[in-house]
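Q: Take this structure first; my questions come after.
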Amino acid sequence: MTINSYNFNKSLNNYFLYEKKPHIVVGVSGGPDSIALTFILDKWIGKTKGKLTALIIDHRIRKDSYFESLETKNFLDRHNINNKILTVSRKRVLKGQMKQARDNRFDIIINYCKKNKIFHLFLGHHFDDNIETFLLRKIAGSNFEGLNCMQYVSIYKNIQIIRPLLSFSKKEIFDFNKKFNLEYISD
C-alpha cells in the first residue's frame with residue numbers, strides 16, 4: 001500500500017477515535033519513519049483544527065544525539081511544525097545501552113503527555129518493525145499472547161498510543177520521504 005493522505009486518513013479512521021480539535025503528540029527521533037509520520041500528521045491535524053506537538057528526545061546515548069536533536073528541531077521549525085526537545089537526565093543513561101535509550105524516550109514522552117493532559121501519542125512504528133518484534137519474541141520463546149506484537153491502538157498509563165504506520169513498509173516510508181524531499185537522520 002502506498003503512503004498518501006487517503007490511505008493514511010483511512011487507517012486513522014479505522015483504528016482511531018478522537019475528540020473535536022484534538023491535541024496530539026508525535027514522538028520524533030529524526031529518522032525516516034518519525035519524520036514521515038510527523039509530516040502526514042501535520043496535514044491531518046490541520047483538517048481537524050487540532051494541535052500537533054512533535055517531541056524530539058535527546059537520549060544522550062550517542063555523542064551526537066544533542067546535535068541530531070537540534071538538526072531535527074531546525075528541520076521541523078523550517079516547516080512550521082510545533083516541536084520541543086526533551087532531554088533525558090544523565091543519571092538515567094547507561095553507556096551504550098539502546099534498550100535503556102528506548103525506555104527513557106518512552107518514559108519521558110509518556111510523562112510529558114500526562115503532565116500536559118494530552119491523551120493521544122503517535123509513534124512511527126511500521127510493518128517491518130512489527131515483523132522484527134514478532135521474530136525476536138518467537139526466538140525468545142514467547143507464548144501465544146507474547147507473540148501478539150504491536151497494536152494500532154493501545155492504552156498505557158491512560159495515554160492512547162497510536163501507531164498508524166503499521167500497515168506500511170519501511171520501503172514505502174523511504175519512498176514517501178523521497179517524493180516529498182523530507183530530510184532525516186540515520187537513527
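FYI, nothing fancy with the C-alpha cells labels: chains A, B, ... in order, residues from 1 per chain, ligands from 1 as they appear.
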Could you give me, as number ranges by chain, the residues within 6 Å of Val153 in chain A, counting only C-alpha atoms and dropping anything in the same chain fewer than 2 positions from it?

A: A: 151, 161-162

Q: Those residues with all heavy atoms, as an mmCIF file, in the first residue's frame please?

A:
data_model
loop_
_atom_site.group_PDB
_atom_site.id
_atom_site.type_symbol
_atom_site.label_atom_id
_atom_site.label_comp_id
_atom_site.auth_asym_id
_atom_site.auth_seq_id
_atom_site.Cartn_x
_atom_site.Cartn_y
_atom_site.Cartn_z
ATOM 1 N N GLN A 151 0.192 -3.114 18.539
ATOM 2 C CA GLN A 151 -1.168 -2.878 18.078
ATOM 3 C C GLN A 151 -1.282 -1.459 17.509
ATOM 4 O O GLN A 151 -0.510 -0.582 17.866
ATOM 5 C CB GLN A 151 -2.147 -3.030 19.246
ATOM 6 C CG GLN A 151 -2.068 -4.377 19.933
ATOM 7 C CD GLN A 151 -2.423 -5.509 19.009
ATOM 8 O OE1 GLN A 151 -3.463 -5.487 18.365
ATOM 9 N NE2 GLN A 151 -1.555 -6.498 18.912
ATOM 10 N N ILE A 161 -1.876 5.233 22.719
ATOM 11 C CA ILE A 161 -0.720 5.145 21.824
ATOM 12 C C ILE A 161 -1.210 4.657 20.475
ATOM 13 O O ILE A 161 -1.821 3.593 20.374
ATOM 14 C CB ILE A 161 0.348 4.212 22.405
ATOM 15 C CG1 ILE A 161 0.798 4.753 23.765
ATOM 16 C CG2 ILE A 161 1.524 4.072 21.440
ATOM 17 C CD1 ILE A 161 1.610 3.790 24.575
ATOM 18 N N ILE A 162 -0.937 5.447 19.441
ATOM 19 C CA ILE A 162 -1.424 5.149 18.097
ATOM 20 C C ILE A 162 -0.227 4.945 17.180
ATOM 21 O O ILE A 162 0.690 5.771 17.145
ATOM 22 C CB ILE A 162 -2.313 6.295 17.560
ATOM 23 C CG1 ILE A 162 -3.485 6.553 18.521
ATOM 24 C CG2 ILE A 162 -2.844 5.980 16.169
ATOM 25 C CD1 ILE A 162 -3.428 7.892 19.155
#

Q: Can you tell me, as JSON, numbers by chain, which residues in range 157-187 of chain A count as alpha helix (DSSP H) by DSSP?

A: {"A": [170, 171, 172, 173, 174, 175, 176, 177, 178, 179]}

Q: Under the rule of at most 9 Å, produce a per-residue listing of range 32-126 of chain A near range 170-180 of chain A: chain, number, name, the closest pair of atoms, and the distance in Å, as JSON lines, using only C-alpha atoms.

A:
{"residue": "A:Pro32", "atom": "CA", "partner": "A:Phe174", "partner_atom": "CA", "distance": 6.6}
{"residue": "A:Asp33", "atom": "CA", "partner": "A:Ile173", "partner_atom": "CA", "distance": 6.3}
{"residue": "A:Ile35", "atom": "CA", "partner": "A:Asn177", "partner_atom": "CA", "distance": 8.0}
{"residue": "A:Ala36", "atom": "CA", "partner": "A:Asn177", "partner_atom": "CA", "distance": 6.2}
{"residue": "A:Leu37", "atom": "CA", "partner": "A:Ile173", "partner_atom": "CA", "distance": 8.9}
{"residue": "A:His126", "atom": "CA", "partner": "A:Lys170", "partner_atom": "CA", "distance": 6.7}

Q: A:Ile57, A:Ile3, A:Leu121, A:Leu76: which is nearest Ile40 in chain A, counting only C-alpha atoms?

A: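 Residue with the minimum atom-to-atom distance to Ile40 in chain A: A:Ile3.
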
Q: So that I can check the surroundings of Ala54 in chain A, please list as a list in words every protein, DNA and RNA residue that reaches within 8 Å of it, counting only C-alpha atoms and ignoring chain neighbours fewer than 3 positions away.

A: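 What passes the distance filter is Val25, Val26, Gly27, Val28, Thr38, Ile81, Asn82, Asn83 and Lys84 of chain A.
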
Q: Tell me, as a PyMOL selection string, which residues lie within 9 Å of range 66-75 of chain A, counting only C-alpha atoms; anything in the same chain fewer than 2 positions away does not count.

A: chain A and resi 28-31+35+56-60+62-64+77-81+83-85+87+183-185+187

Q: May I ask for the distance between CA of Lys20 in chain A and CA of Tyr6 in chain A, given in Å to one decimal place?

A: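 For CA of Lys20 in chain A relative to CA of Tyr6 in chain A, the distance reads 20.0 Å.
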
Q: As a list in words, please: the residues near Pro164 in chain A (cut-off 9 Å, only C-alpha atoms, same-chain neighbours under 3 positions excluded).

A: Phe8, Ser11, Leu12, Tyr15, Phe16, Leu37, Phe122, Leu123, Gly124, His125, His126, Tyr152, Val153, Ser167 and Phe168 of chain A

Q: Record the distance separating CA of Tyr18 in chain A and CA of Thr53 in chain A, expressed in Å with one decimal.

A: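 Separating CA of Tyr18 in chain A from CA of Thr53 in chain A is a distance of 15.8 Å.
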
Q: Ile45 in chain A: which residues within 9 Å, counting only C-alpha atoms, same-chain residues fewer than 3 positions away excluded, as a short mmCIF file (atom, residue, chain, number, x, y, z; two decimals) with C-alpha atoms, in the first residue's frame?

A:
data_model
loop_
_atom_site.label_atom_id
_atom_site.label_comp_id
_atom_site.auth_asym_id
_atom_site.auth_seq_id
_atom_site.Cartn_x
_atom_site.Cartn_y
_atom_site.Cartn_z
CA LYS A 21 -9.82 19.74 17.80
CA PRO A 22 -7.55 17.11 19.36
CA HIS A 23 -4.14 17.94 20.80
CA ILE A 24 -1.79 15.14 19.73
CA ILE A 40 1.48 13.30 7.48
CA LEU A 41 0.06 14.19 10.91
CA ASP A 42 0.75 17.87 10.31
CA THR A 48 -9.25 18.59 12.27
CA LYS A 49 -8.31 22.08 13.53
CA GLY A 50 -6.36 20.41 16.32
CA LYS A 51 -2.83 20.89 17.58
CA LEU A 52 0.30 18.83 16.93
#

Q: Find the residues around Arg105 in chain A up to 8 Å (only C-alpha atoms counted), leave out those fewer than 3 positions away in its own chain, and share them as a list of chain:residue names.

A: A:Ile57, A:His59, A:Val88, A:Ala101, A:Arg102, A:Ile108, A:Ile109

Q: For His120 in chain A, which of A:Asp103, A:Trp44, A:Gln160, A:Ile155 is the closest residue, counting only C-alpha atoms?

A: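 Distance minimum relative to His120 in chain A lands on A:Gln160.
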
Q: So how far away is CA of Thr2 in chain A from CA of Phe119 in chain A, in Å?

A: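 So the two atoms, CA of Phe119 in chain A and CA of Thr2 in chain A, lie 28.2 Å apart.
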